[in-house]
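Structure file start_29.cif with mmCIF, C-alpha atoms:
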```
data_run
loop_
_atom_site.label_atom_id
_atom_site.label_comp_id
_atom_site.auth_asym_id
_atom_site.auth_seq_id
_atom_site.Cartn_x
_atom_site.Cartn_y
_atom_site.Cartn_z
CA MET A 1 83.45 102.53 107.20
CA THR A 2 87.22 102.19 107.10
CA ALA A 3 89.24 99.43 105.47
CA SER A 4 90.36 98.10 108.84
CA GLU A 5 86.77 98.01 110.13
CA VAL A 6 85.65 96.10 107.03
CA ALA A 7 88.58 93.72 107.52
CA SER A 8 87.67 93.08 111.11
CA LEU A 9 83.93 92.54 110.42
CA LEU A 10 84.65 90.18 107.51
CA SER A 11 87.40 88.40 109.50
CA LEU A 12 89.97 89.10 106.76
CA LYS A 13 93.61 88.22 107.12
CA SER A 14 95.86 91.27 106.85
CA ILE A 15 98.69 90.96 104.33
CA CYS A 16 99.66 94.61 104.44
CA VAL A 17 97.65 97.54 105.71
CA PRO A 18 99.54 100.78 105.06
CA ALA A 19 96.34 102.88 104.98
CA PRO A 20 93.91 101.40 107.54
CA GLU A 21 91.78 104.56 107.71
CA ARG A 22 90.86 104.55 103.98
CA GLU A 23 87.08 104.85 103.60
CA VAL A 24 85.27 102.00 101.86
CA LEU A 25 82.22 103.29 99.98
CA GLY A 26 81.45 100.37 97.68
CA GLY A 27 82.71 97.14 96.22
CA TYR A 28 83.75 95.57 92.94
CA THR A 29 84.70 92.05 92.00
CA GLY A 30 86.50 90.83 88.88
CA ASP A 31 89.67 89.11 87.70
CA LEU A 32 90.14 90.40 84.18
CA LEU A 33 92.46 93.24 85.08
CA SER A 34 91.86 95.37 81.99
CA TRP A 35 88.12 95.15 82.71
CA VAL A 36 88.54 96.05 86.37
CA MET A 37 90.74 99.01 85.39
CA GLY A 38 87.82 100.65 83.63
CA ARG A 39 85.11 99.77 86.11
CA ALA A 40 86.21 99.65 89.74
CA LYS A 41 85.61 103.00 91.40
CA PRO A 42 87.71 104.98 93.87
CA ASP A 43 87.05 103.88 97.47
CA ASP A 44 85.72 100.46 96.41
CA ALA A 45 86.81 97.27 98.09
CA TRP A 46 88.05 95.15 95.15
CA ILE A 47 87.64 91.41 95.50
CA THR A 48 89.72 89.22 93.17
CA ILE A 49 91.56 85.92 92.85
CA MET A 50 94.44 87.42 90.87
CA SER A 51 97.70 87.54 92.79
CA ASN A 52 100.45 88.99 90.57
CA GLN A 53 102.00 92.44 90.80
CA ASN A 54 99.57 93.81 88.23
CA ILE A 55 96.90 93.92 90.96
CA ALA A 56 98.92 96.64 92.69
CA ALA A 57 98.98 98.65 89.49
CA VAL A 58 95.24 98.25 88.95
CA ALA A 59 94.53 99.13 92.59
CA MET A 60 96.58 102.31 92.16
CA LEU A 61 94.98 103.30 88.88
CA THR A 62 91.45 102.81 90.18
CA ASP A 63 92.27 104.16 93.66
CA VAL A 64 90.30 101.41 95.42
CA SER A 65 90.61 101.54 99.19
CA MET A 66 91.40 97.86 99.69
CA VAL A 67 92.10 94.66 97.75
CA ILE A 68 90.71 91.38 99.08
CA LEU A 69 92.12 88.12 97.71
CA ALA A 70 89.32 85.55 97.82
CA GLU A 71 89.50 81.79 98.42
CA ASN A 72 92.79 81.93 100.32
CA VAL A 73 94.74 83.08 97.29
CA ALA A 74 98.22 84.14 98.38
CA PRO A 75 99.96 87.11 96.74
CA ASP A 76 102.93 86.28 94.51
CA ALA A 77 106.40 86.97 95.85
CA GLY A 78 107.07 90.66 96.24
CA VAL A 79 103.46 91.79 95.85
CA ALA A 80 102.94 92.49 99.57
CA GLU A 81 106.06 94.68 99.64
CA LEU A 82 104.91 96.47 96.51
CA CYS A 83 101.47 97.14 98.03
CA GLU A 84 103.08 98.42 101.21
CA ALA A 85 105.25 100.80 99.18
CA LYS A 86 102.33 102.01 97.08
CA SER A 87 100.04 102.45 100.09
CA ILE A 88 97.59 99.74 99.02
CA ASN A 89 95.70 97.75 101.66
CA LEU A 90 95.87 94.04 100.87
CA PHE A 91 93.87 91.33 102.64
CA SER A 92 92.89 87.73 102.05
CA SER A 93 89.92 85.58 102.99
CA GLU A 94 89.03 81.92 102.75
CA LEU A 95 85.59 82.89 101.41
CA PRO A 96 84.74 82.84 97.70
CA ALA A 97 84.25 86.22 95.99
CA TYR A 98 80.47 85.82 95.90
CA GLU A 99 80.18 85.34 99.65
CA LEU A 100 82.53 88.24 100.32
CA CYS A 101 80.35 90.47 98.13
CA VAL A 102 77.19 89.42 99.93
CA LYS A 103 78.75 90.14 103.33
CA LEU A 104 80.27 93.42 102.21
CA GLU A 105 76.93 94.60 100.81
CA LYS A 106 75.40 94.25 104.28
CA LEU A 107 78.14 96.41 105.85
CA ILE A 108 78.15 99.45 103.61
CA MET B 109 91.74 92.25 77.83
CA LYS B 110 88.86 90.14 76.66
CA GLU B 111 90.36 89.92 73.18
CA LEU B 112 93.94 89.55 72.02
CA SER B 113 93.16 92.15 69.34
CA LEU B 114 92.87 94.80 72.05
CA ASN B 115 96.31 93.84 73.38
CA ILE B 116 97.66 94.14 69.83
CA LEU B 117 96.17 97.62 69.54
CA ASP B 118 97.82 98.64 72.80
CA ILE B 119 101.27 97.31 71.87
CA ALA B 120 101.17 98.68 68.33
CA LYS B 121 100.37 102.12 69.75
CA ASN B 122 103.63 101.89 71.72
CA SER B 123 105.37 101.36 68.37
CA VAL B 124 103.65 104.42 66.92
CA LYS B 125 104.78 106.43 69.93
CA ALA B 126 108.34 105.15 69.42
CA GLY B 127 108.35 106.84 66.02
CA ALA B 128 108.18 103.65 63.92
CA THR B 129 107.67 104.00 60.17
CA LEU B 130 106.96 100.28 59.71
CA ILE B 131 105.07 98.05 62.13
CA GLU B 132 104.75 94.34 61.38
CA ILE B 133 102.05 92.35 63.13
CA ILE B 134 102.27 88.61 62.63
CA ILE B 135 99.96 85.98 64.11
CA GLU B 136 100.77 82.34 63.47
CA ASP B 137 98.50 79.52 64.58
CA ALA B 138 100.05 76.07 64.46
CA GLY B 139 98.08 73.37 66.25
CA ASN B 140 97.35 74.63 69.76
CA ARG B 141 100.15 77.20 69.70
CA ARG B 142 99.54 80.82 68.73
CA THR B 143 102.52 83.11 68.27
CA LEU B 144 102.03 86.86 68.11
CA THR B 145 104.90 89.03 66.91
CA ILE B 146 104.82 92.81 66.82
CA LYS B 147 107.95 94.24 65.27
CA ASP B 148 108.72 97.92 64.74
CA ASN B 149 111.60 100.10 63.57
CA GLY B 150 110.98 102.74 66.22
CA CYS B 151 113.54 104.28 68.54
CA GLY B 152 113.95 101.10 70.60
CA MET B 153 114.64 100.80 74.31
CA ASP B 154 117.94 100.72 76.16
CA GLU B 155 118.81 97.69 78.28
CA GLU B 156 117.84 99.35 81.52
CA PHE B 157 114.34 100.21 80.32
CA LEU B 158 113.98 96.82 78.63
CA SER B 159 114.64 95.05 81.93
CA VAL B 160 111.72 96.79 83.66
CA VAL B 161 109.29 97.23 80.78
CA THR B 162 106.91 94.44 81.84
CA ASP B 163 106.76 95.96 85.32
CA PRO B 164 103.40 97.75 85.48
CA PHE B 165 104.99 100.65 87.32
CA THR B 166 107.06 101.54 84.26
CA THR B 167 105.66 103.64 81.46
CA THR B 168 106.46 106.26 78.88
CA ARG B 169 103.21 108.03 79.64
CA THR B 170 103.45 111.05 81.86
CA THR B 171 99.89 111.04 83.12
CA ARG B 172 100.29 108.04 85.43
CA SER B 173 103.06 106.05 87.00
CA VAL B 174 101.99 102.69 85.58
CA GLY B 175 101.74 101.39 82.03
CA MET B 176 99.69 98.26 81.51
CA GLY B 177 100.12 97.31 77.84
CA LEU B 178 103.04 94.90 78.12
CA PRO B 179 102.21 93.66 81.66
CA LEU B 180 98.71 92.66 80.51
CA LEU B 181 100.00 90.98 77.34
CA LYS B 182 102.52 89.06 79.47
CA LEU B 183 99.75 88.01 81.85
CA ALA B 184 97.47 86.97 78.96
CA ALA B 185 100.25 84.78 77.52
CA GLU B 186 101.42 83.30 80.81
CA GLN B 187 97.94 82.40 81.99
CA THR B 188 97.71 80.00 79.03
CA GLY B 189 101.11 78.45 79.79
CA GLY B 190 102.84 80.63 77.19
CA SER B 191 105.35 83.43 77.54
CA LEU B 192 106.36 86.90 76.45
CA GLY B 193 109.72 87.94 75.04
CA ILE B 194 111.01 91.37 74.04
CA THR B 195 114.12 92.32 72.13
CA SER B 196 115.06 95.88 71.38
CA SER B 197 117.89 97.91 69.96
CA THR B 198 118.66 101.62 69.97
CA GLY B 199 121.57 101.24 67.53
CA ALA B 200 121.67 101.58 63.76
CA ASP B 201 119.09 98.80 63.31
CA HIS B 202 116.88 100.31 66.00
CA GLY B 203 113.50 98.87 66.81
CA THR B 204 111.59 96.59 69.13
CA THR B 205 110.17 93.10 68.69
CA VAL B 206 107.55 91.75 71.08
CA THR B 207 106.77 88.04 70.82
CA ALA B 208 104.01 86.36 72.81
CA THR B 209 103.08 82.69 72.69
CA PHE B 210 99.72 81.32 73.75
CA PHE B 211 98.28 77.85 74.08
CA THR B 212 94.85 78.19 72.52
CA ASP B 213 93.48 75.03 74.12
CA HIS B 214 93.95 76.50 77.61
CA LEU B 215 90.67 77.63 79.20
CA ASP B 216 92.14 81.00 80.11
CA CYS B 217 93.22 81.77 76.54
CA VAL B 218 91.32 84.83 75.32
CA PRO B 219 89.97 84.77 71.78
CA LEU B 220 91.77 86.64 69.02
CA GLY B 221 88.76 88.89 68.56
CA ASP B 222 88.27 91.63 65.99
CA TYR B 223 91.73 91.88 64.43
CA ALA B 224 90.25 93.42 61.27
CA GLY B 225 88.83 96.27 63.37
CA THR B 226 92.15 96.63 65.15
CA MET B 227 94.05 96.97 61.86
CA SER B 228 91.57 99.49 60.50
CA THR B 229 91.80 101.50 63.75
CA LEU B 230 95.60 101.48 63.60
CA VAL B 231 95.68 102.64 59.96
CA GLN B 232 93.07 105.30 60.71
CA GLY B 233 95.11 106.60 63.65
CA SER B 234 98.43 106.59 61.78
CA PRO B 235 97.74 106.69 58.03
CA ASP B 236 101.33 107.69 57.22
CA ILE B 237 102.92 104.69 58.96
CA ASP B 238 103.26 101.41 57.11
CA PHE B 239 101.70 98.29 58.58
CA ASP B 240 102.32 94.71 57.51
CA PHE B 241 99.77 92.29 58.88
CA ILE B 242 100.05 88.55 58.47
CA TYR B 243 97.71 86.01 60.00
CA ARG B 244 98.72 82.46 59.16
CA THR B 245 96.63 79.45 60.19
CA ASP B 246 96.54 75.81 59.15
CA SER B 247 93.76 76.74 56.71
CA GLY B 248 95.53 79.62 54.98
CA LEU B 249 96.85 83.15 55.09
CA LYS B 250 95.47 86.64 55.59
CA TYR B 251 97.72 89.45 54.54
CA LEU B 252 97.67 93.23 54.45
CA SER B 253 100.46 95.57 53.42
CA THR B 254 99.79 99.30 53.51
CA ALA B 255 102.94 99.88 51.40
CA GLU B 256 101.39 97.78 48.63
CA MET B 257 98.09 99.60 49.09
CA ARG B 258 99.85 102.95 48.70
CA GLU B 259 101.32 101.87 45.36
CA ILE B 260 97.87 101.04 44.05
CA LEU B 261 96.00 103.94 45.63
CA GLY B 262 98.47 106.65 44.70
CA ASP B 263 97.47 109.91 46.38
CA VAL B 264 94.38 108.54 48.15
CA PRO B 265 95.04 108.74 51.89
CA LEU B 266 94.73 105.43 53.75
CA ASP B 267 92.38 106.94 56.33
CA THR B 268 89.71 107.53 53.70
CA PRO B 269 86.53 105.81 54.99
CA ASP B 270 86.18 103.57 51.93
CA VAL B 271 89.79 102.43 52.26
CA LEU B 272 89.32 101.61 55.97
CA LEU B 273 86.18 99.64 55.15
CA TRP B 274 88.07 97.74 52.47
CA ILE B 275 90.77 96.85 55.01
CA GLU B 276 88.20 95.40 57.39
CA ASP B 277 86.33 93.56 54.65
CA SER B 278 89.45 92.06 53.13
CA LEU B 279 90.71 90.82 56.51
CA ASN B 280 87.29 89.40 57.37
CA ALA B 281 87.15 87.52 54.06
CA PRO B 282 88.13 83.83 54.06
CA PRO B 283 91.91 83.22 54.04
CA GLU B 284 93.85 82.67 50.84
CA GLU B 285 95.09 79.14 50.42
CA GLU B 286 98.86 78.96 50.52
CA SER B 287 100.46 77.34 47.55
#
```

Please express what this file holds, its structure, as structure tokens.
Amino acid sequence: MTASEVASLLSLKSICVPAPEREVLGGYTGDLLSWVMGRAKPDDAWITIMSNQNIAAVAMLTDVSMVILAENVAPDAGVAELCEAKSINLFSSELPAYELCVKLEKLI
Amino acid sequence: MKELSLNILDIAKNSVKAGATLIEIIIEDAGNRRTLTIKDNGCGMDEEFLSVVTDPFTTTRTTRSVGMGLPLLKLAAEQTGGSLGITSSTGADHGTTVTATFFTDHLDCVPLGDYAGTMSTLVQGSPDIDFDFIYRTDSGLKYLSTAEMREILGDVPLDTPDVLLWIEDSLNAPPEEES
């Protein structure tokens, strides 16, 4: 399933979607960036409440296919532009991380 | 990082890479404020690099386009209400000083963690570099100076297993009371 399909089925808000056709093969949730760096896998959808520019770096290093900001967290200034430039799909949702995980699990 | 000690390890390795011969690591706890200072006499950074060094897309590593040591330390400090500062010089008195302040009563403040293990790991990885470690709290002082150790140990290399164990044990021992 592609990132844009996941976004549509989970009713996510698009912040920037430079790579809508990226495959989503799994999911990971976590906010401690150093921890996520070592554990999220390529092609995961990563669900987090962190919003600073470091999320773009972690998304790049782990090669996740999309980042979903839970609980209506808004990205800090400049983060959307950074994600666009680094080809990282960034979405947000009003749902908490737990509920996003449960719904994602049923899709993939 | 789940422990500040892991951040310290990361930053001190930058100092090693910068060719430092002396790295000072100072932690001072006063009330709810923790100040971490890592000071080296390495090659330093020019102003242009200094201005972007906490940007995760900057690094001296060639294997990836992002370096996370300083960005994560900055995040760890700021999420407690503290801050990160860096000064650096490439001139005659070359070197870099990283200072991070934390408010330890903030819920998002990570624990200091295994600093004794961090110091032993650093000495093991770079036994020919000198490290000064000072941890000062309201209840006393912990102190390690590899230069002093060298004077006592003579030709015994600092990465000898018994020496590394002694480093950990001495830092894990109760602090000396300051007179």

Q: Can you give me, as an NGL selection string, the residues this file yields under the PyMOL selection byres ((chain B and resi 152) around 12)?
A: :B and (122-128 or 147-151 or 153-158 or 161 or 194-206)

Q: Run the PyMOL selection byres ((chain A) within 8 of (chain B)) against the file shown and list the residues it catches, as a list in words.
A: Leu32, Leu33, Ser34, Trp35, Gln53, Asn54, Ala57 and Leu61 of chain A

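Note that the spacing between atom CA of Asp267 of chain B and atom CA of Phe239 of chain B amounts to 12.9 Å.
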
Q | Explicit residue set for the PyMOL selection byres ((chain A and resi 42-48) around 9), as a PyMOL selection string | A | chain A and resi 3+22-31+36+40-41+49-51+55+59+61-70+73+97+100-101+104

Q | One-decimal distance in Å that lies between atom CA of Val271 of chain B and atom CA of Gly248 of chain B | A | 23.7 Å

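The two atoms in question, atom CA of Leu181 of chain B and atom CA of Val160 of chain B, are spaced 14.5 Å apart.
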
Taking all listed atoms of segment 94-106 of chain A, build the axis-aligned box, pad each of the six sides by 5 Å, then write its centre and edge lengths in Å to one decimal as JSON.
```
{"center_x": 82.2, "center_y": 88.3, "center_z": 100.1, "size_x": 23.6, "size_y": 22.7, "size_z": 18.4}
```

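Compared by their closest atoms to Leu10 of chain A, and using all atoms listed in the file, the residues A:Leu107, A:Met37, A:Pro75, A:Leu90 rank with A:Leu107 nearest.
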
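Take the candidates B:Arg141, B:Pro269, B:Leu230, B:Asp238 and check each one against Ser191 of chain B using only C-alpha atoms; the shortest distance goes to B:Arg141.
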
Atoms added to segment 176-195 of chain B (N, CA and C atoms), reported as a CSV table (one decimal), in the frame of the given file:
```csv
chain,number,residue,atom,x,y,z
B,176,MET,N,100.2,99.6,81.4
B,176,MET,CA,99.7,98.3,81.5
B,176,MET,C,99.7,97.5,80.2
B,177,GLY,N,100.2,98.0,79.1
B,177,GLY,CA,100.1,97.3,77.8
B,177,GLY,C,100.9,96.0,77.9
B,178,LEU,N,102.2,96.1,78.1
B,178,LEU,CA,103.0,94.9,78.1
B,178,LEU,C,102.8,94.0,79.3
B,179,PRO,N,102.6,94.5,80.5
B,179,PRO,CA,102.2,93.7,81.7
B,179,PRO,C,101.0,92.8,81.4
B,180,LEU,N,100.0,93.4,80.8
B,180,LEU,CA,98.7,92.7,80.5
B,180,LEU,C,98.9,91.6,79.4
B,181,LEU,N,99.7,92.0,78.4
B,181,LEU,CA,100.0,91.0,77.3
B,181,LEU,C,100.8,89.8,77.9
B,182,LYS,N,101.7,90.1,78.8
B,182,LYS,CA,102.5,89.1,79.5
B,182,LYS,C,101.6,88.1,80.3
B,183,LEU,N,100.7,88.8,81.0
B,183,LEU,CA,99.8,88.0,81.8
B,183,LEU,C,98.9,87.1,81.0
B,184,ALA,N,98.4,87.7,79.9
B,184,ALA,CA,97.5,87.0,79.0
B,184,ALA,C,98.2,85.7,78.4
B,185,ALA,N,99.5,85.9,78.1
B,185,ALA,CA,100.2,84.8,77.5
B,185,ALA,C,100.5,83.7,78.6
B,186,GLU,N,101.0,84.2,79.7
B,186,GLU,CA,101.4,83.3,80.8
B,186,GLU,C,100.3,82.5,81.4
B,187,GLN,N,99.1,83.1,81.4
B,187,GLN,CA,97.9,82.4,82.0
B,187,GLN,C,97.4,81.3,81.1
B,188,THR,N,98.0,81.2,79.9
B,188,THR,CA,97.7,80.0,79.0
B,188,THR,C,98.9,79.0,79.0
B,189,GLY,N,99.9,79.3,79.8
B,189,GLY,CA,101.1,78.4,79.8
B,189,GLY,C,102.2,78.9,78.8
B,190,GLY,N,101.9,80.1,78.2
B,190,GLY,CA,102.8,80.6,77.2
B,190,GLY,C,103.8,81.6,77.8
B,191,SER,N,104.4,82.5,77.0
B,191,SER,CA,105.4,83.4,77.5
B,191,SER,C,105.5,84.7,76.7
B,192,LEU,N,106.1,85.7,77.2
B,192,LEU,CA,106.4,86.9,76.4
B,192,LEU,C,107.9,87.2,76.4
B,193,GLY,N,108.3,87.6,75.2
B,193,GLY,CA,109.7,87.9,75.0
B,193,GLY,C,109.8,89.3,74.3
B,194,ILE,N,110.8,90.1,74.7
B,194,ILE,CA,111.0,91.4,74.0
B,194,ILE,C,112.5,91.5,73.7
B,195,THR,N,112.8,91.9,72.5
B,195,THR,CA,114.1,92.3,72.1
B,195,THR,C,114.1,93.7,71.6
```
